[in-house]
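Colleague: Data file upload.pdb (PDB, C-alpha atoms and all ligand atoms) is appended below.
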```
ATOM      1  CA  MET A   1     247.690 138.329 239.889
ATOM      2  CA  GLU A   2     249.264 135.130 238.593
ATOM      3  CA  HIS A   3     246.905 132.152 238.573
ATOM      4  CA  ILE A   4     247.915 129.539 241.170
ATOM      5  CA  SER A   5     246.460 126.205 240.085
ATOM      6  CA  VAL A   6     244.298 124.499 242.693
ATOM      7  CA  MET A   7     245.121 120.938 243.864
ATOM      8  CA  LEU A   8     247.560 120.633 240.982
ATOM      9  CA  GLU A   9     249.504 117.505 241.960
ATOM     10  CA  THR A  10     246.524 115.664 243.443
ATOM     11  CA  THR A  11     244.286 116.256 240.438
ATOM     12  CA  VAL A  12     246.869 115.254 237.874
ATOM     13  CA  SER A  13     247.845 112.144 239.822
ATOM     14  CA  MET A  14     244.163 111.139 240.118
ATOM     15  CA  LEU A  15     243.991 111.086 236.310
ATOM     16  CA  ASN A  16     246.445 108.114 236.248
ATOM     17  CA  ILE A  17     248.206 109.533 233.207
ATOM     18  CA  THR A  18     249.904 107.158 230.774
ATOM     19  CA  GLY A  19     252.474 108.531 228.317
ATOM     20  CA  ASP A  20     250.580 107.378 225.242
ATOM     21  CA  GLY A  21     247.101 108.439 226.382
ATOM     22  CA  ILE A  22     244.689 111.076 225.089
ATOM     23  CA  TYR A  23     243.665 113.712 227.632
ATOM     24  CA  VAL A  24     241.356 116.695 227.694
ATOM     25  CA  ASP A  25     241.668 119.820 229.821
ATOM     26  CA  GLY A  26     238.292 121.567 229.454
ATOM     27  CA  THR A  27     239.473 124.697 231.293
ATOM     28  CA  LEU A  28     242.971 125.665 230.149
ATOM     29  CA  GLY A  29     243.253 128.990 232.050
ATOM     30  CA  ARG A  30     246.982 129.678 232.348
ATOM     31  CA  ALA A  31     247.856 126.057 231.581
ATOM     32  CA  GLY A  32     248.796 125.046 235.128
ATOM     33  CA  HIS A  33     247.099 121.646 234.956
ATOM     34  CA  SER A  34     247.673 121.318 231.196
ATOM     35  CA  SER A  35     251.437 121.729 231.713
ATOM     36  CA  GLU A  36     251.557 118.963 234.286
ATOM     37  CA  ILE A  37     249.572 116.633 232.042
ATOM     38  CA  LEU A  38     251.737 117.454 229.016
ATOM     39  CA  LYS A  39     254.970 116.753 230.936
ATOM     40  CA  ARG A  40     253.774 113.183 231.461
ATOM     41  CA  LEU A  41     252.991 112.511 227.781
ATOM     42  CA  THR A  42     255.386 110.766 225.383
ATOM     43  CA  THR A  43     253.403 109.770 222.301
ATOM     44  CA  GLY A  44     250.034 110.795 223.780
ATOM     45  CA  HIS A  45     248.103 113.997 223.079
ATOM     46  CA  LEU A  46     246.418 116.736 225.116
ATOM     47  CA  TYR A  47     243.403 118.730 223.880
ATOM     48  CA  SER A  48     242.894 121.887 225.935
ATOM     49  CA  PHE A  49     239.786 124.063 225.705
ATOM     50  CA  ASP A  50     239.071 127.620 226.799
ATOM     51  CA  ILE A  51     236.393 130.083 225.723
ATOM     52  CA  ASP A  52     238.683 132.975 226.559
ATOM     53  CA  GLN A  53     241.011 133.879 223.680
ATOM     54  CA  GLN A  54     243.476 135.457 226.139
ATOM     55  CA  ALA A  55     243.853 132.121 227.957
ATOM     56  CA  ILE A  56     244.659 130.409 224.639
ATOM     57  CA  ASP A  57     247.119 133.108 223.537
ATOM     58  CA  GLU A  58     248.959 133.253 226.843
ATOM     59  CA  SER A  59     249.253 129.488 227.350
ATOM     60  CA  ARG A  60     250.625 128.460 223.966
ATOM     61  CA  GLU A  61     254.267 129.383 224.553
ATOM     62  CA  LYS A  62     254.321 127.885 228.024
ATOM     63  CA  LEU A  63     253.103 124.551 226.633
ATOM     64  CA  GLU A  64     255.420 124.655 223.602
ATOM     65  CA  ARG A  65     258.373 124.833 225.993
ATOM     66  CA  ILE A  66     257.335 121.382 227.286
ATOM     67  CA  ASN A  67     256.568 119.596 223.998
ATOM     68  CA  ASN A  68     254.229 119.848 221.023
ATOM     69  CA  ASN A  69     251.841 117.026 221.886
ATOM     70  CA  PHE A  70     248.899 119.381 222.375
ATOM     71  CA  THR A  71     246.078 121.143 220.545
ATOM     72  CA  LEU A  72     244.451 124.322 221.864
ATOM     73  CA  ILE A  73     240.775 124.737 221.048
ATOM     74  CA  LYS A  74     238.918 128.015 221.566
ATOM     75  CA  ALA A  75     235.517 126.553 222.319
ATOM     76  CA  ASN A  76     233.091 125.819 225.112
ATOM     77  CA  TYR A  77     233.965 122.624 226.993
ATOM     78  CA  ALA A  78     230.248 121.825 226.879
ATOM     79  CA  ASP A  79     230.833 121.091 223.164
ATOM     80  CA  MET A  80     233.931 118.936 223.734
ATOM     81  CA  GLN A  81     232.391 115.783 222.322
ATOM     82  CA  ASP A  82     231.490 117.408 218.976
ATOM     83  CA  GLU A  83     234.777 119.314 218.850
ATOM     84  CA  LEU A  84     236.817 116.153 219.411
ATOM     85  CA  ASN A  85     234.668 114.002 217.124
ATOM     86  CA  SER A  86     235.296 116.558 214.355
ATOM     87  CA  ARG A  87     239.037 115.850 214.904
ATOM     88  CA  SER A  88     238.366 112.079 214.687
ATOM     89  CA  ILE A  89     238.749 111.581 218.457
ATOM     90  CA  TYR A  90     235.966 109.407 219.839
ATOM     91  CA  GLN A  91     237.460 108.107 223.102
ATOM     92  CA  VAL A  92     239.839 109.618 225.650
ATOM     93  CA  ASP A  93     241.792 108.413 228.701
ATOM     94  CA  GLY A  94     241.038 111.333 230.968
ATOM     95  CA  VAL A  95     239.275 114.687 231.274
ATOM     96  CA  LEU A  96     239.854 117.517 233.716
ATOM     97  CA  LEU A  97     237.509 120.417 234.486
ATOM     98  CA  ASP A  98     238.730 123.143 236.861
ATOM     99  CA  ILE A  99     235.688 125.342 236.582
ATOM    100  CA  GLY A 100     235.113 128.996 237.260
ATOM    101  CA  VAL A 101     237.026 132.195 236.693
ATOM    102  CA  SER A 102     240.833 132.380 236.559
ATOM    103  CA  SER A 103     242.796 134.927 238.601
ATOM    104  CA  PRO A 104     243.862 136.885 235.467
ATOM    105  CA  GLN A 105     240.175 137.237 234.497
ATOM    106  CA  PHE A 106     239.102 138.216 237.988
ATOM    107  CA  ASP A 107     241.981 140.615 238.588
ATOM    108  CA  ASP A 108     241.755 142.448 235.247
ATOM    109  CA  PRO A 109     239.645 145.571 235.907
ATOM    110  CA  ASP A 110     238.644 145.689 232.219
ATOM    111  CA  ARG A 111     236.838 142.336 232.469
ATOM    112  CA  GLY A 112     234.332 143.678 235.013
ATOM    113  CA  PHE A 113     234.187 140.529 237.179
ATOM    114  CA  SER A 114     235.101 142.134 240.477
ATOM    115  CA  TYR A 115     233.534 144.613 242.864
ATOM    116  CA  ARG A 116     237.070 145.535 243.937
ATOM    117  CA  TYR A 117     237.456 147.805 240.864
ATOM    118  CA  ASP A 118     235.059 150.259 239.300
ATOM    119  CA  SER A 119     234.770 149.108 235.685
ATOM    120  CA  ARG A 120     232.179 148.582 232.962
ATOM    121  CA  LEU A 121     229.768 145.747 233.794
ATOM    122  CA  ASP A 122     231.024 142.900 231.591
ATOM    123  CA  MET A 123     231.863 139.484 233.201
ATOM    124  CA  ARG A 124     232.104 137.609 229.876
ATOM    125  CA  MET A 125     234.635 134.776 229.835
ATOM    126  CA  ASP A 126     234.098 134.611 226.080
ATOM    127  CA  GLN A 127     234.599 138.186 224.911
ATOM    128  CA  SER A 128     233.054 137.413 221.538
ATOM    129  CA  GLN A 129     229.592 136.670 222.969
ATOM    130  CA  SER A 130     226.992 139.422 223.059
ATOM    131  CA  LEU A 131     225.336 138.805 226.454
ATOM    132  CA  ASP A 132     227.216 140.640 229.210
ATOM    133  CA  ALA A 133     226.470 141.802 232.749
ATOM    134  CA  TYR A 134     225.413 145.249 231.460
ATOM    135  CA  LYS A 135     222.606 143.645 229.437
ATOM    136  CA  VAL A 136     221.477 141.437 232.323
ATOM    137  CA  VAL A 137     221.384 144.348 234.775
ATOM    138  CA  ASN A 138     219.765 146.854 232.411
ATOM    139  CA  GLU A 139     217.511 144.707 230.242
ATOM    140  CA  TYR A 140     216.280 141.708 232.286
ATOM    141  CA  SER A 141     212.780 141.980 233.718
ATOM    142  CA  TYR A 142     212.266 142.329 237.464
ATOM    143  CA  SER A 143     211.140 138.691 237.720
ATOM    144  CA  ASP A 144     214.132 137.375 235.774
ATOM    145  CA  LEU A 145     216.485 139.355 237.996
ATOM    146  CA  VAL A 146     214.803 137.955 241.103
ATOM    147  CA  ARG A 147     215.046 134.425 239.681
ATOM    148  CA  ILE A 148     218.777 134.588 238.939
ATOM    149  CA  LEU A 149     219.644 136.358 242.209
ATOM    150  CA  TYR A 150     217.812 133.690 244.217
ATOM    151  CA  ARG A 151     218.926 130.725 242.169
ATOM    152  CA  TYR A 152     222.514 131.566 241.248
ATOM    153  CA  GLY A 153     223.394 133.950 244.078
ATOM    154  CA  GLU A 154     221.301 132.348 246.840
ATOM    155  CA  GLU A 155     220.695 135.995 247.748
ATOM    156  CA  PRO A 156     217.932 136.297 250.387
ATOM    157  CA  PHE A 157     217.363 139.974 249.458
ATOM    158  CA  ALA A 158     216.879 139.200 245.748
ATOM    159  CA  LYS A 159     213.541 141.037 245.522
ATOM    160  CA  GLN A 160     214.795 144.150 247.288
ATOM    161  CA  ILE A 161     217.916 144.312 245.092
ATOM    162  CA  ALA A 162     215.947 143.707 241.863
ATOM    163  CA  ARG A 163     213.482 146.439 242.843
ATOM    164  CA  LYS A 164     216.303 148.940 243.420
ATOM    165  CA  ILE A 165     217.954 147.994 240.112
ATOM    166  CA  GLU A 166     214.656 148.554 238.335
ATOM    167  CA  ALA A 167     214.148 151.952 239.953
ATOM    168  CA  ARG A 168     217.716 153.120 239.253
ATOM    169  CA  ARG A 169     217.797 152.122 235.588
ATOM    170  CA  LEU A 170     214.590 154.071 234.935
ATOM    171  CA  GLN A 171     216.661 157.201 235.621
ATOM    172  CA  LYS A 172     219.779 156.088 233.727
ATOM    173  CA  PRO A 173     221.461 152.790 232.816
ATOM    174  CA  ILE A 174     223.678 151.177 235.474
ATOM    175  CA  GLU A 175     227.013 151.136 233.681
ATOM    176  CA  THR A 176     229.733 150.141 236.124
ATOM    177  CA  THR A 177     230.470 147.645 238.867
ATOM    178  CA  GLY A 178     230.796 150.570 241.279
ATOM    179  CA  GLU A 179     227.312 151.896 240.441
ATOM    180  CA  LEU A 180     225.866 148.414 240.869
ATOM    181  CA  VAL A 181     227.539 147.988 244.271
ATOM    182  CA  GLU A 182     225.921 151.271 245.393
ATOM    183  CA  VAL A 183     222.488 150.072 244.232
ATOM    184  CA  ILE A 184     222.938 146.730 246.030
ATOM    185  CA  LYS A 185     224.009 148.473 249.236
ATOM    186  CA  SER A 186     220.968 150.750 249.080
ATOM    187  CA  ALA A 187     218.733 147.640 249.022
ATOM    188  CA  LEU A 188     220.265 145.850 252.013
ATOM    189  CA  PRO A 189     219.456 146.429 255.690
ATOM    190  CA  GLU A 190     222.306 147.808 257.881
ATOM    191  CA  ARG A 191     222.635 144.530 259.831
ATOM    192  CA  VAL A 192     223.425 142.675 256.582
ATOM    193  CA  LYS A 193     225.889 145.289 255.321
ATOM    194  CA  SER A 194     227.855 145.174 258.565
ATOM    195  CA  LYS A 195     228.314 141.378 258.364
ATOM    196  CA  ALA A 196     231.627 139.886 257.208
ATOM    197  CA  GLY A 197     231.995 139.492 253.435
ATOM    198  CA  HIS A 198     231.245 141.959 250.671
ATOM    199  CA  PRO A 199     227.527 142.856 250.388
ATOM    200  CA  ALA A 200     227.653 142.497 246.580
ATOM    201  CA  LYS A 201     229.295 139.058 246.563
ATOM    202  CA  GLN A 202     226.154 137.009 245.975
ATOM    203  CA  THR A 203     224.723 139.334 243.316
ATOM    204  CA  PHE A 204     228.024 139.327 241.424
ATOM    205  CA  GLN A 205     228.170 135.516 241.590
ATOM    206  CA  ALA A 206     224.635 135.317 240.192
ATOM    207  CA  LEU A 207     225.398 137.687 237.313
ATOM    208  CA  ARG A 208     228.579 135.826 236.408
ATOM    209  CA  ILE A 209     226.790 132.473 236.327
ATOM    210  CA  GLU A 210     223.991 133.907 234.170
ATOM    211  CA  VAL A 211     226.277 135.745 231.729
ATOM    212  CA  ASN A 212     228.456 132.683 231.163
ATOM    213  CA  HIS A 213     225.700 130.016 231.368
ATOM    214  CA  GLU A 214     227.998 128.322 233.838
ATOM    215  CA  LEU A 215     225.646 125.708 235.276
ATOM    216  CA  GLU A 216     224.206 124.629 231.899
ATOM    217  CA  ASN A 217     227.746 124.354 230.523
ATOM    218  CA  LEU A 218     228.792 122.267 233.490
ATOM    219  CA  GLU A 219     225.918 119.806 233.005
ATOM    220  CA  ARG A 220     226.573 119.469 229.277
ATOM    221  CA  GLY A 221     230.343 119.306 229.763
ATOM    222  CA  LEU A 222     230.071 116.512 232.336
ATOM    223  CA  GLN A 223     227.841 114.500 230.031
ATOM    224  CA  GLY A 224     230.174 115.010 227.066
ATOM    225  CA  ALA A 225     233.192 114.009 229.147
ATOM    226  CA  LEU A 226     231.499 110.852 230.466
ATOM    227  CA  ASN A 227     230.514 109.851 226.928
ATOM    228  CA  LEU A 228     234.120 110.224 225.762
ATOM    229  CA  LEU A 229     235.812 108.189 228.505
ATOM    230  CA  LYS A 230     237.387 104.851 227.563
ATOM    231  CA  PRO A 231     236.995 101.913 229.966
ATOM    232  CA  GLY A 232     239.333 102.780 232.860
ATOM    233  CA  GLY A 233     239.325 106.472 231.831
ATOM    234  CA  ARG A 234     238.773 109.123 234.491
ATOM    235  CA  LEU A 235     237.007 112.476 234.799
ATOM    236  CA  ALA A 236     238.269 114.850 237.528
ATOM    237  CA  VAL A 237     236.279 117.971 238.386
ATOM    238  CA  ILE A 238     237.262 120.831 240.692
ATOM    239  CA  SER A 239     234.310 123.011 241.695
ATOM    240  CA  PHE A 240     234.252 126.189 243.756
ATOM    241  CA  HIS A 241     230.770 126.620 245.167
ATOM    242  CA  SER A 242     227.877 124.516 246.320
ATOM    243  CA  LEU A 243     225.732 125.035 243.201
ATOM    244  CA  GLU A 244     228.497 123.600 241.029
ATOM    245  CA  ASP A 245     229.410 120.815 243.424
ATOM    246  CA  GLU A 246     225.774 119.730 243.721
ATOM    247  CA  ILE A 247     225.576 119.252 239.927
ATOM    248  CA  VAL A 248     228.829 117.258 239.850
ATOM    249  CA  LYS A 249     227.714 115.149 242.817
ATOM    250  CA  GLN A 250     224.299 114.335 241.323
ATOM    251  CA  ILE A 251     225.568 113.501 237.830
ATOM    252  CA  PHE A 252     228.352 111.324 239.281
ATOM    253  CA  LYS A 253     225.858 109.616 241.590
ATOM    254  CA  SER A 254     223.339 108.801 238.882
ATOM    255  CA  ASN A 255     226.053 107.400 236.602
ATOM    256  CA  SER A 256     227.600 105.224 239.309
ATOM    257  CA  GLN A 257     224.368 103.478 240.274
ATOM    258  CA  PRO A 258     223.442 100.197 238.562
ATOM    259  CA  PRO A 259     220.395 100.367 236.281
ATOM    260  CA  LEU A 260     217.150  99.552 238.067
ATOM    261  CA  ILE A 261     215.861  96.075 237.274
ATOM    262  CA  ASP A 262     212.591  94.431 238.165
ATOM    263  CA  LYS A 263     213.297  92.256 241.249
ATOM    264  CA  ARG A 264     210.847  89.639 239.941
ATOM    265  CA  ILE A 265     213.150  88.829 237.013
ATOM    266  CA  PRO A 266     215.301  85.845 238.073
ATOM    267  CA  LEU A 267     218.964  86.702 237.374
ATOM    268  CA  ARG A 268     222.198  84.957 238.343
ATOM    269  CA  ALA A 269     224.722  87.134 240.201
ATOM    270  CA  GLU A 270     226.895  87.535 237.095
ATOM    271  CA  GLU A 271     223.867  88.624 235.046
ATOM    272  CA  ILE A 272     223.025  91.575 237.288
ATOM    273  CA  PRO A 273     224.050  94.684 235.354
ATOM    274  CA  GLU A 274     226.717  96.880 236.923
ATOM    275  CA  ALA A 275     226.916 100.654 236.857
ATOM    276  CA  GLU A 276     228.936 102.044 233.957
ATOM    277  CA  PHE A 277     231.000 104.263 236.247
ATOM    278  CA  ILE A 278     232.665 103.979 239.660
ATOM    279  CA  LEU A 279     233.200 106.855 242.098
ATOM    280  CA  VAL A 280     236.953 107.021 242.739
ATOM    281  CA  ASN A 281     236.384 109.024 245.928
ATOM    282  CA  LYS A 282     233.058 108.887 247.770
ATOM    283  CA  LYS A 283     233.676 112.199 249.548
ATOM    284  CA  PRO A 284     235.155 115.193 247.711
ATOM    285  CA  ILE A 285     238.884 115.789 248.137
ATOM    286  CA  LEU A 286     239.771 119.156 249.691
ATOM    287  CA  ALA A 287     242.986 121.162 249.530
ATOM    288  CA  SER A 288     245.691 120.356 252.097
ATOM    289  CA  ASN A 289     246.361 122.701 255.011
ATOM    290  CA  GLU A 290     249.576 123.774 253.334
ATOM    291  CA  GLU A 291     247.739 124.734 250.138
ATOM    292  CA  LEU A 292     244.978 126.481 252.105
ATOM    293  CA  SER A 293     247.574 128.750 253.683
ATOM    294  CA  GLU A 294     249.138 129.602 250.305
ATOM    295  CA  ASN A 295     246.177 130.001 247.955
ATOM    296  CA  HIS A 296     242.914 131.572 249.103
ATOM    297  CA  ARG A 297     241.100 130.228 245.981
ATOM    298  CA  SER A 298     241.632 126.690 247.267
ATOM    299  CA  HIS A 299     239.394 127.248 250.331
ATOM    300  CA  SER A 300     236.143 126.448 248.599
ATOM    301  CA  ALA A 301     237.598 123.908 246.125
ATOM    302  CA  LYS A 302     236.229 120.360 245.959
ATOM    303  CA  LEU A 303     237.660 117.640 243.739
ATOM    304  CA  ARG A 304     235.520 114.697 242.617
ATOM    305  CA  VAL A 305     236.736 111.900 240.354
ATOM    306  CA  ILE A 306     234.806 109.210 238.489
ATOM    307  CA  GLU A 307     236.066 106.286 236.362
ATOM    308  CA  ARG A 308     234.441 104.309 233.558
ATOM    309  CA  ARG A 309     234.365 100.677 234.633
ATOM    310  CA  LYS A 310     236.975  98.543 232.906
ATOM    311  CA  ALA A 311     235.641  95.918 230.534
ATOM    312  CA  VAL A 312     235.780  92.400 232.018
TER     313      VAL A 312
HETATM  314  C1  LIG B   1     239.856 128.242 237.075
HETATM  315  S1  LIG B   1     240.432 128.594 235.467
HETATM  316  C2  LIG B   1     241.414 127.195 235.054
HETATM  317  C3  LIG B   1     242.823 127.287 235.526
HETATM  318  C4  LIG B   1     243.736 126.196 235.023
HETATM  319  N1  LIG B   1     243.356 124.884 235.503
HETATM  320  C5  LIG B   1     245.178 126.482 235.398
HETATM  321  O1  LIG B   1     245.752 125.715 236.194
HETATM  322  O2  LIG B   1     245.756 127.451 234.906
HETATM  323  C6  LIG B   1     239.026 128.329 234.478
HETATM  324  C7  LIG B   1     239.215 128.605 233.005
HETATM  325  O3  LIG B   1     238.168 127.950 232.327
HETATM  326  C8  LIG B   1     237.636 128.783 231.333
HETATM  327  N2  LIG B   1     236.241 128.393 231.151
HETATM  328  C9  LIG B   1     235.211 128.607 232.000
HETATM  329  N3  LIG B   1     234.088 128.080 231.495
HETATM  330  C10 LIG B   1     234.424 127.511 230.308
HETATM  331  C11 LIG B   1     233.692 126.807 229.327
HETATM  332  N4  LIG B   1     232.382 126.589 229.452
HETATM  333  N5  LIG B   1     234.363 126.338 228.255
HETATM  334  C12 LIG B   1     235.699 126.554 228.105
HETATM  335  N6  LIG B   1     236.431 127.235 229.002
HETATM  336  C13 LIG B   1     235.804 127.704 230.095
HETATM  337  C14 LIG B   1     237.815 130.192 231.850
HETATM  338  O4  LIG B   1     237.876 131.095 230.773
HETATM  339  C15 LIG B   1     239.147 130.074 232.612
HETATM  340  O5  LIG B   1     240.223 130.417 231.792
END
```
Please, can you express the file's structure as structure tokens?
Modeller:
Amino acid sequence: MEHISVMLETTVSMLNITGDGIYVDGTLGRAGHSSEILKRLTTGHLYSFDIDQQAIDESREKLERINNNFTLIKANYADMQDELNSRSIYQVDGVLLDIGVSSPQFDDPDRGFSYRYDSRLDMRMDQSQSLDAYKVVNEYSYSDLVRILYRYGEEPFAKQIARKIEARRLQKPIETTGELVEVIKSALPERVKSKAGHPAKQTFQALRIEVNHELENLERGLQGALNLLKPGGRLAVISFHSLEDEIVKQIFKSNSQPPLIDKRIPLRAEEIPEAEFILVNKKPILASNEELSENHRSHSAKLRVIERRKAV
């Protein structure tokens, strides 16, 4: 399925793009957001990252049809600061992160992200890395499986599922998404299986997060992006589940609070230090009703934006 970009207009307009600015799209995907940013640039430049070579290959032509003010970088957005510094870029006007899996990744049976197809357990966004879902399922210890299923899947039956995985792989490795779904179903009580939603959803989410180090990348990527922002520069982040949004919320909160100072130190009002960053929106922005009816991916999307305080 074609990737429909989430909150496209809103996100790009929140970045306050200027034609001569330098922008970073940490999650190129199929260049939906990158295209909109590029259209607004005159002498400026866009650096777009993706760890998936297919995303890079399939976006290039689309962007070239707009203009050539862009550079595609096959790298983890968590490393954006080093990657940009190595290209002599030390400050940028705006950064966008639209995290998670793209529709082409999810809908390609060969990538093994979905329980809708029976395919080899893979789930790597970066197909050159060695850790994949097969290794996690067949090689992680019982306690590590329980940990990731609880933490990344918020799966209440983590122990039961991990125990069944352990028992099954003693007979033969669990090779496909279909085999894993069967194992998960065998671990869940009937009342849970008959509830709405796929019974393997939470386990698959947990595996995907583990395989792609998604939460660690998000933390490092946010820090790198904040370090790069110029005064007045903005970081916009679209997240898709509560674990991601909680990280964005906490990092934005801690950076938008003034440093703690000892109340006994006498300071004039103008001497009281201000926070380096300002929250552009206190509450996350959600997709409009119109978008909700057109794009099911937008249902869980939350957009948060932060700005580096302008120098006075
Ligand atoms: C939701 S899609 C982005 C869609 C894009 N905004 C668009 O409109 O077409 C997320 C993309 O980010 C990439 N990605 C996920 N984690 C990444 C990371 N840590 N570093 C670089 N790219 C990443 C995925 O491979 C995927 O292509």
Colleague: One number please: atom CA of Tyr142 of chain A to atom CA of Ala200 of chain A, in Å, one decimal.
Modeller: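 Distance reported for this atom pair: 17.9 Å.
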Colleague: In terms of the shortest atom-to-atom distance over all atoms listed in the file, which of A:Asp110, A:Asp98, A:Glu307, A:Asp82 is closest to ligand LIG 1 (chain B)?
Modeller: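 Once distances to ligand LIG 1 (chain B) are computed over all atoms listed in the file, the minimum belongs to A:Asp98.
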Colleague: Neighbours of ligand LIG 1 (chain B) at 6 Å or closer, counting all atoms listed in the file: which residues, as a PDB file with C-alpha atoms, in the frame of the given file?
Modeller:
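Output file result-v5.pdb follows:
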```pdb
ATOM      1  CA  SER A   5     246.460 126.205 240.085  1.00  0.00           C
ATOM      2  CA  GLY A  26     238.292 121.567 229.454  1.00  0.00           C
ATOM      3  CA  THR A  27     239.473 124.697 231.293  1.00  0.00           C
ATOM      4  CA  LEU A  28     242.971 125.665 230.149  1.00  0.00           C
ATOM      5  CA  GLY A  29     243.253 128.990 232.050  1.00  0.00           C
ATOM      6  CA  ARG A  30     246.982 129.678 232.348  1.00  0.00           C
ATOM      7  CA  ALA A  31     247.856 126.057 231.581  1.00  0.00           C
ATOM      8  CA  GLY A  32     248.796 125.046 235.128  1.00  0.00           C
ATOM      9  CA  HIS A  33     247.099 121.646 234.956  1.00  0.00           C
ATOM     10  CA  PHE A  49     239.786 124.063 225.705  1.00  0.00           C
ATOM     11  CA  ASP A  50     239.071 127.620 226.799  1.00  0.00           C
ATOM     12  CA  ILE A  51     236.393 130.083 225.723  1.00  0.00           C
ATOM     13  CA  ASP A  52     238.683 132.975 226.559  1.00  0.00           C
ATOM     14  CA  ALA A  55     243.853 132.121 227.957  1.00  0.00           C
ATOM     15  CA  ALA A  75     235.517 126.553 222.319  1.00  0.00           C
ATOM     16  CA  ASN A  76     233.091 125.819 225.112  1.00  0.00           C
ATOM     17  CA  TYR A  77     233.965 122.624 226.993  1.00  0.00           C
ATOM     18  CA  ALA A  78     230.248 121.825 226.879  1.00  0.00           C
ATOM     19  CA  ASP A  98     238.730 123.143 236.861  1.00  0.00           C
ATOM     20  CA  ILE A  99     235.688 125.342 236.582  1.00  0.00           C
ATOM     21  CA  GLY A 100     235.113 128.996 237.260  1.00  0.00           C
ATOM     22  CA  VAL A 101     237.026 132.195 236.693  1.00  0.00           C
ATOM     23  CA  SER A 102     240.833 132.380 236.559  1.00  0.00           C
ATOM     24  CA  MET A 125     234.635 134.776 229.835  1.00  0.00           C
ATOM     25  CA  ASN A 217     227.746 124.354 230.523  1.00  0.00           C
TER      26      ASN A 217
END
```
Colleague: Would you be able to write out as a short mmCIF file (atom, residue, chain, number, x, y, z; two decimals) with C-alpha atoms, keeping the file's coordinate frame which residues have an atom within 7 Å of (239.5, 113.5, 234.9) in the file's coordinates, counting all atoms listed in the file?
Modeller:
```cif
data_model
loop_
_atom_site.label_atom_id
_atom_site.label_comp_id
_atom_site.auth_asym_id
_atom_site.auth_seq_id
_atom_site.Cartn_x
_atom_site.Cartn_y
_atom_site.Cartn_z
CA LEU A 15 243.99 111.09 236.31
CA GLY A 94 241.04 111.33 230.97
CA VAL A 95 239.28 114.69 231.27
CA LEU A 96 239.85 117.52 233.72
CA ARG A 234 238.77 109.12 234.49
CA LEU A 235 237.01 112.48 234.80
CA ALA A 236 238.27 114.85 237.53
CA VAL A 237 236.28 117.97 238.39
CA VAL A 305 236.74 111.90 240.35
#
```
Colleague: Would you kindly return, as a ChimeraX atom specification, each protein, DNA or RNA residue with an atom no farther than 12 Å from any atom of Gly19 of chain A, considering all atoms listed in the file and excluding same-chain residues fewer than 2 positions away?
Modeller: /A:15-17,21-23,37-46,69,93
Colleague: Show which residues sit within 12 Å of Phe157 of chain A, as a VMD selection string. Count all atoms listed in the file, and ignore same-chain residues fewer than 6 positions away.
Modeller: chain A and resid 145 to 151 163 to 164 184 to 189 192 to 193 199 to 200 202 to 203
Colleague: Which residues, written as a PyMOL selection string, have at least one atom at most 9 Å from Lys62 of chain A, with all atoms listed in the file counted and residues fewer than 2 positions away on the same chain left out?
Modeller: chain A and resi 30-31+35+58-60+64-66
Colleague: What's the separation between atom CA of Ala162 of chain A and atom CA of Ile247 of chain A, in Å to one decimal place?
Modeller: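 Separation of atom CA of Ala162 of chain A and atom CA of Ile247 of chain A: 26.4 Å.
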Colleague: Please provide the set of residues having any atom within 9 Å of Ser239 of chain A, restricted to all atoms listed in the file, with same-chain residues fewer than 3 positions apart removed, written as a list in words.
Modeller: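 Once the adjacent positions are removed, what remains is Leu97, Asp98, Ile99, Gly100, Ser242, Leu243, Glu244, Asp245, Val248, Ser300, Ala301, Lys302, Leu303 and Arg304 of chain A.
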Colleague: What separation in Å, quoted to one decimal, exists between atom CA of Glu216 of chain A and atom CA of His241 of chain A?
Modeller: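 Rounded to one decimal, the two atoms are 14.9 Å apart.
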Colleague: Could you spell out the hits of the PyMOL selection byres (((chain A and resi 114-122) around 9) and not hetatm) on the shown file, as an NGL selection string?
Modeller: :A and (106-113 or 123-124 or 127 or 131-135 or 137 or 174-181 or 198 or 200-201 or 204 or 208 or 211)
Colleague: Go through A:Asp20, A:Asp126, A:Glu2, A:Glu246 one by one, measure the shortest atom-to-atom distance of each to Gln53 of chain A using all atoms listed in the file, and give the residue with the smallest value.
Modeller: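 Going through A:Asp20, A:Asp126, A:Glu2, A:Glu246 one by one, the smallest distance to Gln53 of chain A is for A:Asp126.
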Colleague: Between A:Arg268, A:Asp79, A:Ser34, A:Glu274, which one has atoms that come closest to Leu218 of chain A, using all atoms listed in the file?
Modeller: A:Asp79
Colleague: Apply the PyMOL selection byres (((chain A and resi 81) around 8) and not hetatm) to the file shown and report the selected residues as a VMD selection string.
Modeller: chain A and resid 78 to 80 82 to 85 90 224 to 225 227 to 228
Colleague: Could you name the residues that touch Ser256 of chain A at 6 Å or less, counting all atoms listed in the file, but leaving out those on the same chain fewer than 6 positions away, as a list in words?
Modeller: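 In the requested format, the answer is Ala275, Phe277 and Ile278 of chain A.
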Colleague: Taking the file as shown, find all residues satisfying the PyMOL selection byres (((chain A and resi 281) around 8) and not hetatm) and write them as a PDB file with C-alpha atoms, in the frame of the given file.
Modeller:
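Result file is out_16.pdb:
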```
ATOM      1  CA  LEU A 279     233.200 106.855 242.098  1.00  0.00           C
ATOM      2  CA  VAL A 280     236.953 107.021 242.739  1.00  0.00           C
ATOM      3  CA  LYS A 282     233.058 108.887 247.770  1.00  0.00           C
ATOM      4  CA  LYS A 283     233.676 112.199 249.548  1.00  0.00           C
ATOM      5  CA  PRO A 284     235.155 115.193 247.711  1.00  0.00           C
ATOM      6  CA  ILE A 285     238.884 115.789 248.137  1.00  0.00           C
ATOM      7  CA  ARG A 304     235.520 114.697 242.617  1.00  0.00           C
ATOM      8  CA  VAL A 305     236.736 111.900 240.354  1.00  0.00           C
ATOM      9  CA  ILE A 306     234.806 109.210 238.489  1.00  0.00           C
TER      10      ILE A 306
END
```
